[in-house]
$ cat coords_10.txt   # compact mmCIF, C-alpha atoms and all ligand atoms
# COMPACT_ATOMS: atom_id res chain seq x y z
CA MET A 1 -234.02 79.63 -128.66
CA ALA A 2 -233.47 79.70 -132.42
CA ASP A 3 -232.09 76.43 -133.81
CA TYR A 4 -228.74 77.88 -134.86
CA LEU A 5 -228.22 79.34 -131.35
CA LYS A 6 -229.08 76.02 -129.72
CA GLU A 7 -226.61 74.33 -132.03
CA GLN A 8 -223.91 76.83 -131.06
CA ALA A 9 -224.65 76.30 -127.36
CA ASP A 10 -224.29 72.52 -127.82
CA ILE A 11 -221.00 72.94 -129.65
CA ASP A 12 -219.73 75.29 -126.92
CA GLN A 13 -220.63 72.78 -124.22
CA ARG A 14 -218.88 69.96 -126.04
CA PHE A 15 -215.63 71.87 -126.48
CA MET A 16 -215.79 73.20 -122.93
CA ALA A 17 -216.31 69.70 -121.56
CA ALA A 18 -213.18 68.63 -123.46
CA ALA A 19 -211.28 71.62 -122.07
CA ILE A 20 -212.35 70.76 -118.52
CA ARG A 21 -211.18 67.16 -118.99
CA LEU A 22 -207.85 68.48 -120.27
CA SER A 23 -207.49 70.81 -117.27
CA ARG A 24 -207.57 67.77 -114.96
CA ARG A 25 -204.17 66.75 -116.30
CA ASN A 26 -202.16 69.11 -114.10
CA LEU A 27 -204.45 69.17 -111.09
CA GLY A 28 -202.28 69.18 -107.97
CA LEU A 29 -199.19 70.28 -109.89
CA THR A 30 -199.78 73.99 -110.41
CA VAL A 31 -200.01 75.41 -106.88
CA THR A 32 -200.79 78.15 -106.10
CA ASN A 33 -202.26 78.63 -109.56
CA PRO A 34 -205.36 76.74 -110.68
CA SER A 35 -204.96 74.11 -113.38
CA VAL A 36 -206.67 75.79 -116.34
CA ALA A 37 -207.06 74.57 -119.91
CA THR A 38 -207.53 76.36 -123.22
CA LEU A 39 -208.63 74.99 -126.57
CA ILE A 40 -208.25 77.06 -129.73
CA VAL A 41 -210.88 76.01 -132.24
CA ARG A 42 -210.97 77.04 -135.87
CA ASP A 43 -213.76 75.89 -138.19
CA GLY A 44 -214.72 73.18 -135.71
CA ILE A 45 -211.18 71.79 -135.45
CA ILE A 46 -208.94 72.02 -132.38
CA VAL A 47 -205.77 73.75 -133.55
CA GLY A 48 -204.21 74.53 -130.15
CA ARG A 49 -204.35 73.03 -126.68
CA GLY A 50 -202.82 74.26 -123.46
CA VAL A 51 -202.89 73.46 -119.74
CA THR A 52 -201.36 75.60 -117.00
CA ALA A 53 -197.80 74.28 -116.80
CA VAL A 54 -196.41 72.34 -113.85
CA GLY A 55 -195.41 74.94 -111.26
CA GLY A 56 -198.16 77.32 -112.46
CA ARG A 57 -196.59 78.99 -115.49
CA PRO A 58 -196.79 79.51 -118.43
CA HIS A 59 -200.56 79.88 -118.33
CA ALA A 60 -202.83 77.69 -120.45
CA GLU A 61 -203.66 80.35 -123.07
CA THR A 62 -200.04 81.10 -123.94
CA GLN A 63 -199.34 77.47 -124.70
CA ALA A 64 -202.52 76.92 -126.69
CA LEU A 65 -201.85 80.05 -128.77
CA ALA A 66 -198.27 78.96 -129.41
CA GLU A 67 -199.51 75.60 -130.68
CA ALA A 68 -202.14 77.23 -132.90
CA GLY A 69 -199.70 79.75 -134.39
CA ASP A 70 -201.27 81.66 -137.32
CA LEU A 71 -204.35 79.44 -137.14
CA ALA A 72 -205.43 81.37 -134.05
CA ARG A 73 -206.51 84.26 -136.28
CA GLY A 74 -210.31 84.16 -136.54
CA SER A 75 -210.60 81.28 -134.04
CA THR A 76 -212.69 80.66 -130.94
CA ALA A 77 -210.84 80.12 -127.64
CA TYR A 78 -212.42 77.93 -124.95
CA VAL A 79 -211.00 78.80 -121.51
CA THR A 80 -211.96 77.02 -118.29
CA LEU A 81 -211.16 80.18 -116.27
CA GLU A 82 -211.51 83.84 -117.18
CA PRO A 83 -208.22 84.81 -118.90
CA CYS A 84 -205.94 86.84 -116.67
CA ALA A 85 -205.75 90.61 -117.01
CA HIS A 86 -202.75 91.40 -114.82
CA HIS A 87 -199.05 91.75 -115.45
CA GLY A 88 -198.03 89.09 -112.97
CA LYS A 89 -195.21 86.67 -113.48
CA THR A 90 -196.39 86.42 -117.11
CA PRO A 91 -198.09 89.05 -119.37
CA PRO A 92 -201.92 89.09 -119.40
CA CYS A 93 -203.51 86.20 -121.29
CA ALA A 94 -206.44 88.41 -122.31
CA GLU A 95 -204.01 90.62 -124.26
CA ALA A 96 -202.34 87.57 -125.79
CA LEU A 97 -205.72 86.36 -127.09
CA VAL A 98 -206.38 89.80 -128.62
CA ALA A 99 -202.92 89.99 -130.19
CA ALA A 100 -203.32 86.53 -131.74
CA GLY A 101 -206.49 87.61 -133.53
CA VAL A 102 -208.93 85.34 -131.69
CA THR A 103 -212.44 86.58 -132.52
CA ARG A 104 -214.54 84.75 -129.94
CA VAL A 105 -213.83 83.60 -126.38
CA VAL A 106 -216.00 81.12 -124.49
CA GLY A 107 -215.32 81.07 -120.75
CA ALA A 108 -216.39 78.75 -117.93
CA ALA A 109 -215.52 79.75 -114.35
CA SER A 110 -215.06 83.35 -113.23
CA ASP A 111 -211.77 84.14 -111.51
CA PRO A 112 -212.12 85.34 -107.89
CA ASP A 113 -208.62 86.88 -108.05
CA SER A 114 -209.29 90.62 -107.71
CA ARG A 115 -206.55 91.38 -110.26
CA VAL A 116 -208.53 89.44 -112.86
CA SER A 117 -212.21 89.27 -111.86
CA GLY A 118 -214.28 90.82 -114.67
CA LYS A 119 -211.22 92.59 -116.08
CA GLY A 120 -210.11 89.72 -118.32
CA TYR A 121 -213.43 89.65 -120.14
CA ALA A 122 -213.52 93.47 -120.26
CA ILE A 123 -210.19 93.60 -122.12
CA LEU A 124 -211.50 91.09 -124.65
CA ARG A 125 -214.79 92.93 -125.20
CA ALA A 126 -213.05 96.30 -125.50
CA SER A 127 -211.09 94.83 -128.40
CA GLY A 128 -214.22 93.70 -130.19
CA ILE A 129 -213.99 90.03 -129.23
CA GLU A 130 -217.30 88.27 -128.74
CA VAL A 131 -217.40 86.78 -125.25
CA THR A 132 -219.71 84.04 -123.95
CA GLU A 133 -219.36 83.49 -120.19
CA HIS A 134 -220.39 80.77 -117.73
CA VAL A 135 -220.44 77.78 -120.09
CA LEU A 136 -220.20 74.72 -117.76
CA ALA A 137 -219.08 77.15 -115.06
CA THR A 138 -220.09 74.85 -112.18
CA GLU A 139 -218.20 71.89 -113.62
CA ALA A 140 -215.06 73.97 -114.23
CA ALA A 141 -215.19 75.57 -110.78
CA ASP A 142 -215.66 72.13 -109.22
CA LEU A 143 -212.40 70.98 -110.74
CA MET A 144 -210.68 74.10 -109.42
CA ALA A 145 -212.37 73.85 -106.02
CA GLY A 146 -209.02 73.94 -104.24
CA TYR A 147 -208.06 77.22 -105.89
CA MET A 148 -211.55 78.68 -105.41
CA ASN A 149 -211.65 77.79 -101.71
CA ARG A 150 -208.22 79.14 -101.03
CA SER A 151 -208.96 82.42 -102.86
CA VAL A 152 -212.46 83.01 -101.53
CA ASN A 153 -212.52 81.39 -98.06
CA LYS A 154 -208.81 81.63 -97.26
CA ARG A 155 -208.74 77.96 -96.37
CA PRO A 156 -208.21 74.82 -98.42
CA GLU A 157 -210.97 72.65 -99.76
CA VAL A 158 -211.37 69.75 -97.29
CA ILE A 159 -212.17 66.43 -98.96
CA LEU A 160 -213.31 63.71 -96.59
CA LYS A 161 -212.63 60.27 -98.04
CA LEU A 162 -214.30 57.33 -96.35
CA ALA A 163 -214.23 53.61 -97.19
CA VAL A 164 -217.31 52.13 -95.55
CA SER A 165 -218.43 48.50 -95.30
CA ALA A 166 -221.92 47.37 -96.23
CA ASP A 167 -222.88 47.58 -92.54
CA GLY A 168 -221.54 51.09 -92.12
CA MET A 169 -218.13 50.41 -90.56
CA ILE A 170 -214.74 51.91 -91.44
CA GLY A 171 -212.63 49.28 -89.64
CA ARG A 172 -212.47 46.76 -86.83
CA LYS A 173 -211.53 47.73 -83.28
CA GLY A 174 -207.93 46.92 -82.38
CA GLU A 175 -206.92 46.04 -85.91
CA GLY A 176 -204.86 48.08 -88.33
CA GLN A 177 -205.96 48.55 -91.92
CA VAL A 178 -208.92 46.35 -92.84
CA ALA A 179 -209.72 45.76 -96.52
CA ILE A 180 -213.16 47.26 -97.12
CA THR A 181 -212.95 48.22 -100.77
CA GLY A 182 -211.36 46.52 -103.76
CA PRO A 183 -208.40 47.36 -106.01
CA GLU A 184 -210.44 49.56 -108.39
CA SER A 185 -211.46 51.87 -105.54
CA ARG A 186 -207.95 51.91 -104.14
CA ARG A 187 -206.64 52.97 -107.55
CA GLN A 188 -209.16 55.79 -107.55
CA VAL A 189 -207.98 56.87 -104.10
CA HIS A 190 -204.43 57.06 -105.39
CA VAL A 191 -205.56 59.28 -108.28
CA MET A 192 -207.33 61.50 -105.74
CA ARG A 193 -204.10 61.69 -103.74
CA ALA A 194 -202.20 62.77 -106.84
CA GLU A 195 -204.76 65.51 -107.49
CA SER A 196 -204.67 66.88 -103.93
CA ASP A 197 -202.22 69.34 -102.43
CA ALA A 198 -202.06 67.54 -99.07
CA ILE A 199 -203.23 64.33 -97.37
CA LEU A 200 -204.21 64.55 -93.72
CA VAL A 201 -204.70 61.94 -90.98
CA GLY A 202 -205.15 62.00 -87.22
CA ILE A 203 -202.50 60.45 -85.00
CA GLY A 204 -204.82 57.56 -84.08
CA THR A 205 -204.79 56.38 -87.68
CA ALA A 206 -201.08 57.11 -88.08
CA VAL A 207 -200.30 54.84 -85.10
CA ALA A 208 -202.90 52.10 -85.70
CA ASP A 209 -202.51 51.71 -89.47
CA ASP A 210 -198.93 52.92 -90.03
CA PRO A 211 -200.02 54.27 -93.43
CA ASP A 212 -197.74 55.52 -96.18
CA LEU A 213 -200.29 57.89 -97.80
CA ARG A 214 -198.29 58.47 -100.95
CA CYS A 215 -199.58 57.96 -104.47
CA ARG A 216 -198.35 54.57 -105.57
CA LEU A 217 -199.82 54.39 -109.07
CA GLU A 218 -197.25 53.60 -111.68
CA GLY A 219 -196.14 56.81 -113.38
CA LEU A 220 -197.94 59.01 -110.87
CA GLU A 221 -195.67 58.37 -107.85
CA PRO A 222 -193.93 61.75 -108.17
CA ARG A 223 -197.32 63.38 -107.74
CA SER A 224 -197.54 62.40 -104.07
CA PRO A 225 -198.62 65.44 -102.09
CA ILE A 226 -197.32 66.41 -98.68
CA ARG A 227 -198.66 64.44 -95.73
CA ILE A 228 -200.00 66.09 -92.59
CA VAL A 229 -200.56 64.41 -89.22
CA LEU A 230 -202.70 65.95 -86.49
CA ASP A 231 -200.59 65.00 -83.48
CA ARG A 232 -201.11 67.38 -80.61
CA LYS A 233 -198.97 65.43 -78.13
CA LEU A 234 -196.43 64.24 -80.68
CA ARG A 235 -196.93 60.49 -80.59
CA LEU A 236 -195.83 59.76 -84.16
CA PRO A 237 -193.26 56.94 -83.85
CA PRO A 238 -189.91 57.65 -85.52
CA THR A 239 -190.15 54.08 -86.84
CA SER A 240 -193.46 54.80 -88.65
CA LYS A 241 -193.60 54.71 -92.44
CA LEU A 242 -194.52 58.39 -92.43
CA ALA A 243 -191.42 59.42 -90.46
CA GLN A 244 -189.17 57.02 -92.32
CA THR A 245 -190.19 58.39 -95.74
CA ALA A 246 -190.25 62.08 -94.79
CA ARG A 247 -187.10 62.86 -96.72
CA ALA A 248 -188.60 61.53 -99.96
CA THR A 249 -192.06 63.11 -99.60
CA PRO A 250 -192.63 65.82 -96.99
CA VAL A 251 -194.46 65.14 -93.73
CA LEU A 252 -195.77 67.96 -91.56
CA VAL A 253 -196.79 67.21 -87.99
CA ALA A 254 -199.29 69.62 -86.44
CA THR A 255 -198.36 69.65 -82.76
CA GLU A 256 -198.25 71.76 -79.65
CA VAL A 257 -195.07 70.09 -78.44
CA GLU A 258 -192.27 72.59 -78.29
CA GLU A 259 -189.22 72.64 -80.43
CA ALA A 260 -186.64 71.93 -77.74
CA LEU A 261 -188.10 68.56 -76.74
CA PRO A 262 -186.09 65.46 -77.69
CA GLU A 263 -189.07 63.66 -79.34
CA ARG A 264 -189.26 66.51 -81.78
CA ARG A 265 -185.58 66.47 -82.50
CA GLU A 266 -185.62 62.78 -83.34
CA LEU A 267 -188.41 63.29 -85.88
CA SER A 268 -186.87 66.41 -87.34
CA ASP A 269 -183.59 64.52 -87.84
CA LEU A 270 -185.61 62.18 -90.07
CA GLY A 271 -186.80 65.15 -92.14
CA VAL A 272 -190.23 65.63 -90.54
CA GLY A 273 -191.45 69.25 -90.48
CA PHE A 274 -193.75 70.84 -87.90
CA LEU A 275 -196.75 73.13 -87.82
CA ALA A 276 -197.40 75.04 -84.61
CA VAL A 277 -201.06 74.80 -83.61
CA GLU A 278 -203.47 76.55 -81.32
CA THR A 279 -205.74 74.41 -79.18
CA HIS A 280 -209.36 74.88 -78.12
CA ASP A 281 -210.71 72.71 -75.28
CA GLY A 282 -207.76 70.36 -75.55
CA GLU A 283 -208.14 69.83 -79.29
CA ILE A 284 -206.25 71.25 -82.24
CA ALA A 285 -208.02 74.39 -83.49
CA LEU A 286 -208.88 73.22 -87.00
CA PRO A 287 -210.07 76.48 -88.61
CA GLU A 288 -206.81 78.18 -87.66
CA LEU A 289 -204.79 75.22 -88.85
CA LEU A 290 -206.58 75.28 -92.22
CA GLU A 291 -206.01 79.03 -92.58
CA ASP A 292 -202.37 78.43 -91.91
CA LEU A 293 -202.24 75.75 -94.62
CA ALA A 294 -203.98 78.04 -97.13
CA ALA A 295 -201.47 80.76 -96.35
CA LYS A 296 -198.75 78.24 -97.17
CA GLY A 297 -200.33 77.75 -100.60
CA ILE A 298 -202.27 74.54 -99.96
CA GLY A 299 -205.61 74.60 -101.81
CA SER A 300 -206.94 71.09 -101.16
CA VAL A 301 -206.59 68.64 -98.30
CA MET A 302 -207.78 65.07 -98.56
CA VAL A 303 -208.61 63.57 -95.17
CA GLU A 304 -207.97 59.83 -94.96
CA GLY A 305 -208.72 59.01 -91.34
CA GLY A 306 -209.74 58.30 -88.82
CA ALA A 307 -213.22 58.50 -87.35
CA ALA A 308 -212.29 61.06 -84.67
CA THR A 309 -210.65 63.42 -87.13
CA ALA A 310 -213.59 63.09 -89.53
CA ARG A 311 -216.09 63.77 -86.75
CA HIS A 312 -214.14 66.77 -85.53
CA LEU A 313 -214.07 68.28 -89.05
CA LEU A 314 -217.77 67.56 -89.59
CA GLU A 315 -218.74 69.04 -86.23
CA GLU A 316 -216.88 72.22 -87.08
CA ASP A 317 -218.57 72.31 -90.49
CA LEU A 318 -215.22 72.30 -92.26
CA VAL A 319 -215.84 69.53 -94.81
CA ASP A 320 -216.39 70.69 -98.41
CA ARG A 321 -216.53 67.38 -100.27
CA ILE A 322 -217.34 63.82 -99.22
CA SER A 323 -215.99 60.87 -101.20
CA LEU A 324 -217.77 57.75 -100.04
CA PHE A 325 -216.55 54.33 -101.18
CA ILE A 326 -218.95 51.59 -100.10
CA GLY A 327 -217.64 48.01 -100.09
CA PRO A 328 -219.87 44.92 -100.55
CA ALA A 329 -218.95 43.01 -97.37
CA ALA A 330 -220.01 43.52 -93.76
CA ILE A 331 -217.48 43.95 -90.94
CA GLY A 332 -219.79 42.59 -88.23
CA ALA A 333 -218.73 42.42 -84.58
CA ASN A 334 -216.15 44.89 -83.25
CA GLY A 335 -216.70 47.29 -86.12
CA VAL A 336 -215.74 50.96 -85.89
CA ALA A 337 -218.78 52.93 -87.01
CA SER A 338 -218.36 55.38 -89.87
CA PRO A 339 -218.84 59.03 -88.90
CA LEU A 340 -221.36 59.17 -91.71
CA MET A 341 -223.26 57.06 -94.19
CA ARG A 342 -225.29 57.98 -97.21
CA GLU A 343 -228.36 58.11 -94.96
CA THR A 344 -226.73 60.33 -92.34
CA LEU A 345 -225.15 62.89 -94.61
CA PRO A 346 -224.97 66.34 -93.05
CA GLU A 347 -227.29 68.98 -94.42
CA GLY A 348 -226.14 71.24 -97.21
CA PHE A 349 -224.52 68.63 -99.48
CA ARG A 350 -225.46 67.74 -103.05
CA GLN A 351 -224.58 64.47 -104.77
CA ILE A 352 -222.46 64.95 -107.89
CA ARG A 353 -221.31 61.40 -108.65
CA ASP A 354 -222.65 57.85 -108.36
CA GLU A 355 -220.35 55.27 -109.88
CA VAL A 356 -219.23 51.68 -109.61
CA PHE A 357 -215.60 50.73 -109.05
CA GLY A 358 -215.28 46.95 -109.23
CA ASP A 359 -217.55 45.57 -106.50
CA ASP A 360 -217.79 48.94 -104.77
CA ARG A 361 -220.16 51.86 -105.08
CA TYR A 362 -218.74 55.37 -105.18
CA LEU A 363 -220.73 58.44 -104.16
CA GLU A 364 -219.43 61.99 -104.14
CA PHE A 365 -221.07 64.97 -102.48
CA VAL A 366 -220.15 68.65 -102.45
CA ARG A 367 -221.21 71.41 -100.16
CA THR A 368 -223.91 73.57 -101.67
CA SER A 369 -223.39 76.69 -99.57
C1 LIG B 401 -204.89 82.35 -116.81
N1 LIG B 401 -204.49 81.15 -117.30
O1 LIG B 401 -203.63 79.11 -117.03
C2 LIG B 401 -204.02 80.39 -115.10
C3 LIG B 401 -204.50 81.62 -114.59
O2 LIG B 401 -198.76 84.52 -110.52
P1 LIG B 401 -199.29 84.62 -111.93
O3 LIG B 401 -198.83 85.82 -112.64
O4 LIG B 401 -199.04 83.34 -112.69
O5 LIG B 401 -200.87 84.78 -111.83
C4 LIG B 401 -201.63 83.92 -111.04
C5 LIG B 401 -203.10 84.18 -111.30
O6 LIG B 401 -203.41 83.88 -112.66
C6 LIG B 401 -204.02 83.28 -110.49
O7 LIG B 401 -204.32 83.82 -109.24
C7 LIG B 401 -205.24 83.23 -111.38
O8 LIG B 401 -205.99 84.43 -111.22
C8 LIG B 401 -204.66 83.25 -112.76
N2 LIG B 401 -204.49 81.89 -113.27
N3 LIG B 401 -204.94 82.55 -115.48
O9 LIG B 401 -205.21 83.26 -117.57
C9 LIG B 401 -204.04 80.17 -116.51
N4 LIG B 401 -203.54 79.41 -114.26
ZN ZN B 402 -202.92 84.20 -117.80

$ encode --input "coords_10.txt" --output "structure tokens" --more "lines below"
Ligand code: AOF
Ligand code: ZN
Amino acid sequence: MADYLKEQADIDQRFMAAAIRLSRRNLGLTVTNPSVATLIVRDGIIVGRGVTAVGGRPHAETQALAEAGDLARGSTAYVTLEPCAHHGKTPPCAEALVAAGVTRVVGAASDPDSRVSGKGYAILRASGIEVTEHVLATEAADLMAGYMNRSVNKRPEVILKLAVSADGMIGRKGEGQVAITGPESRRQVHVMRAESDAILVGIGTAVADDPDLRCRLEGLEPRSPIRIVLDRKLRLPPTSKLAQTARATPVLVATEVEEALPERRELSDLGVGFLAVETHDGEIALPELLEDLAAKGIGSVMVEGGAATARHLLEEDLVDRISLFIGPAAIGANGVASPLMRETLPEGFRQIRDEVFGDDRYLEFVRTS
């Protein structure tokens, strides 16, 4: 590649990386839209920035163009997703970029939405705008994995989060929550909660640990997603933290217990909602449940326990991402074995992160196919 082209490619990657970081800001807040970011760059200087607004609109481009004003003329726009081409709830962003006089557009991920796919770039090219596609496309799509999964597979991205001790345990038999990881990891888990559309646990964990499952990071508390409990026989105690806080942050119980039964009424009086489920061989039919959640607009589900739920999801090949926090201490006798360790990772996953949080190691894997 000629030097000047290589230099341009490096510059494009740097601005796109910044755009992707910016797009993280509203992750979890834009359902059912993806959180997209746009940077308007003129003569190497960022003159406009935009992220898809909370609630999904206005789109990123509109806001970035508004900030850039007249400076958009002759600029390059960096967009983490192909600009939209449809007259939806807002006019097409591709047309807005043309009207503002942008002369070059650099895009990352392609949009699977059939109203947009390929058409956004076509509008730009037809107007004489130079378009460079697929710059850091994998990284951008990874951040929008919830949106991508929901659009393409019609089910949410399932993120399995596990905190595992040095000897491969996730808890101790007969005990509630056991500290395996330190405060730095726990903070990270709360950020992950804020970025997810839903948090899911099995009833075993809901009863044994009595978890709250909301984001409790200062300033991010309002970003707590809905909480889902897999509870076929409806054993969630009305005194549990989940039931008691259902009015503040929604709780959905996936159950086969019918509406008229008194246990259900007691929980629904506390504000708990219900999801009807199908069962296969005495277990909740997970693929159908996930399809139902996607149809309700949920793009990502973070699974926080317990071992049985994790195993069930893994067996059905429904896990898309594995977030593994590994603590330094051993649990020893009476440990509950983790459904997976680094060494026993299912096939078809690729490691994308390896970091240290305090005394813990953090590994993240995504499905490759
Ligand atoms: C963009 N920029 O910031 C986002 C886009 O319901 P609407 O009209 O808001 O359209 C939703 C679709 O717009 C969504 O499915 C996706 O294709 C695109 N999202 N597009 O140009 C943005 N969030
Ligand atoms: Zn748009």

$ residues_near_ligand --input "coords_10.txt" --ligand "ligand ZN 402 (chain B)" --cutoff "9 Å" --atoms "all atoms listed in the file" --output "ChimeraX atom specification"
/A:52,57-62,82-88,90-94,96

$ atom_distance --input "coords_10.txt" --atom1 "atom CA of A:Ser35" --atom2 "atom CA of A:Pro346"
29.6 Å

$ closest_residue --input "coords_10.txt" --among "A:Ala166, A:Val366, A:Ile129, A:Ile298" --to "A:Ser323" --atoms "only C-alpha atoms"
A:Val366

$ residues_around --input "coords_10.txt" --residues "A:Thr103" --least-positions-apart "6" --cutoff "9 Å" --atoms "all atoms listed in the file" --output "ChimeraX atom specification"
/A:72-77,97,128-131

$ axis_aligned_box --input "coords_10.txt" --around "ligand LIG 401 (chain B)" --padding-each-side "4 Å" --output "lines of an AutoDock Vina configuration file"
center_x = -202.4
center_y = 82.5
center_z = -113.4
size_x = 15.2
size_y = 14.7
size_z = 16.3

$ residues_near_point --input "coords_10.txt" --point "(-208.6, 46.7, -106.8)" --cutoff "12 Å" --atoms "all atoms listed in the file" --output "list in words"
Ala179, Ile180, Thr181, Gly182, Pro183, Glu184, Ser185, Arg186, Arg187, Gln188, Val189, His190, Leu217, Gly327, Phe357, Gly358, Asp359 and Asp360 of chain A

$ residues_around --input "coords_10.txt" --residues "stretch 250-267 of chain A" --least-positions-apart "3" --cutoff "12 Å" --atoms "all atoms listed in the file" --output "number ranges by chain"
A: 197-203, 206, 212-214, 222-247, 270-280, 282-286, 288-290, 292-293

$ residues_near_point --input "coords_10.txt" --point "(-216.5, 50.4, -93.7)" --cutoff "12 Å" --atoms "only C-alpha atoms" --output "VMD selection string"
chain A and resid 161 to 173 177 to 182 305 to 307 324 to 332 334 to 341 360

$ closest_residue --input "coords_10.txt" --among "A:Gly69, A:Gly101, A:Gly176, A:Gly120" --to "ligand LIG 401 (chain B)" --atoms "only C-alpha atoms and all ligand atoms"
A:Gly120

$ atom_distance --input "coords_10.txt" --atom1 "atom CA of A:Ile45" --atom2 "atom CA of A:Asp70"
14.1 Å

$ atom_distance --input "coords_10.txt" --atom1 "atom CA of A:Gly297" --atom2 "atom CA of A:Leu29"
12.0 Å

$ residues_around --input "coords_10.txt" --residues "A:Glu157" --least-positions-apart "6" --cutoff "9 Å" --atoms "all atoms listed in the file" --output "ChimeraX atom specification"
/A:145-150,298-302,318-321

$ closest_residue --input "coords_10.txt" --among "A:Val51, A:Ala208, A:Ala37, A:Ala310" --to "A:Val79" --atoms "all atoms listed in the file"
A:Ala37

$ closest_residue --input "coords_10.txt" --among "A:Ser114, A:Met16, A:Val105, A:Val98" --to "ligand LIG 401 (chain B)" --atoms "all atoms listed in the file"
A:Ser114

$ closest_residue --input "coords_10.txt" --among "A:Ala2, A:Ala9, A:Met144, A:Ile40" --to "ligand LIG 401 (chain B)" --atoms "only C-alpha atoms and all ligand atoms"
A:Met144

$ decode --input "coords_10.txt" --residues "stretch 12-58 of chain A" --atoms "C-alpha atoms" --output "mmCIF file, in the first residue's frame"
data_model
loop_
_atom_site.group_PDB
_atom_site.id
_atom_site.type_symbol
_atom_site.label_atom_id
_atom_site.label_comp_id
_atom_site.auth_asym_id
_atom_site.auth_seq_id
_atom_site.Cartn_x
_atom_site.Cartn_y
_atom_site.Cartn_z
ATOM 1 C CA ASP A 12 -9.446 6.246 9.881
ATOM 2 C CA GLN A 13 -8.850 3.528 12.453
ATOM 3 C CA ARG A 14 -7.976 6.045 15.141
ATOM 4 C CA PHE A 15 -11.108 8.124 14.617
ATOM 5 C CA MET A 16 -13.270 5.016 14.320
ATOM 6 C CA ALA A 17 -11.862 3.636 17.571
ATOM 7 C CA ALA A 18 -12.813 6.927 19.235
ATOM 8 C CA ALA A 19 -16.301 6.724 17.711
ATOM 9 C CA ILE A 20 -16.743 3.167 18.995
ATOM 10 C CA ARG A 21 -15.698 4.257 22.493
ATOM 11 C CA LEU A 22 -18.219 7.088 22.299
ATOM 12 C CA SER A 23 -20.986 4.718 21.181
ATOM 13 C CA ARG A 24 -20.560 2.771 24.442
ATOM 14 C CA ARG A 25 -22.005 5.733 26.315
ATOM 15 C CA ASN A 26 -25.646 4.914 25.607
ATOM 16 C CA LEU A 27 -25.361 1.143 25.458
ATOM 17 C CA GLY A 28 -28.439 -0.334 27.123
ATOM 18 C CA LEU A 29 -30.376 2.930 26.859
ATOM 19 C CA THR A 30 -31.451 2.992 23.218
ATOM 20 C CA VAL A 31 -33.591 -0.140 22.816
ATOM 21 C CA THR A 32 -34.657 -1.254 20.301
ATOM 22 C CA ASN A 33 -32.177 0.871 18.382
ATOM 23 C CA PRO A 34 -28.447 0.188 18.543
ATOM 24 C CA SER A 35 -26.242 2.725 20.298
ATOM 25 C CA VAL A 36 -24.385 4.283 17.368
ATOM 26 C CA ALA A 37 -21.848 7.113 17.339
ATOM 27 C CA THR A 38 -20.809 9.630 14.702
ATOM 28 C CA LEU A 39 -17.785 11.894 14.587
ATOM 29 C CA ILE A 40 -17.575 14.736 12.081
ATOM 30 C CA VAL A 41 -13.944 15.462 11.311
ATOM 31 C CA ARG A 42 -12.677 18.465 9.397
ATOM 32 C CA ASP A 43 -8.967 18.946 8.709
ATOM 33 C CA GLY A 44 -8.120 16.382 11.375
ATOM 34 C CA ILE A 45 -10.231 18.076 14.056
ATOM 35 C CA ILE A 46 -13.442 16.679 15.546
ATOM 36 C CA VAL A 47 -16.092 19.336 14.955
ATOM 37 C CA GLY A 48 -19.204 17.290 15.777
ATOM 38 C CA ARG A 49 -20.009 14.303 17.959
ATOM 39 C CA GLY A 50 -23.232 12.387 18.335
ATOM 40 C CA VAL A 51 -24.534 9.217 19.994
ATOM 41 C CA THR A 52 -27.964 7.684 19.440
ATOM 42 C CA ALA A 53 -30.091 9.445 22.046
ATOM 43 C CA VAL A 54 -31.588 7.722 25.086
ATOM 44 C CA GLY A 55 -34.769 6.030 23.869
ATOM 45 C CA GLY A 56 -33.283 5.533 20.378
ATOM 46 C CA ARG A 57 -33.837 8.905 18.715
ATOM 47 C CA PRO A 58 -32.565 11.275 17.400
#
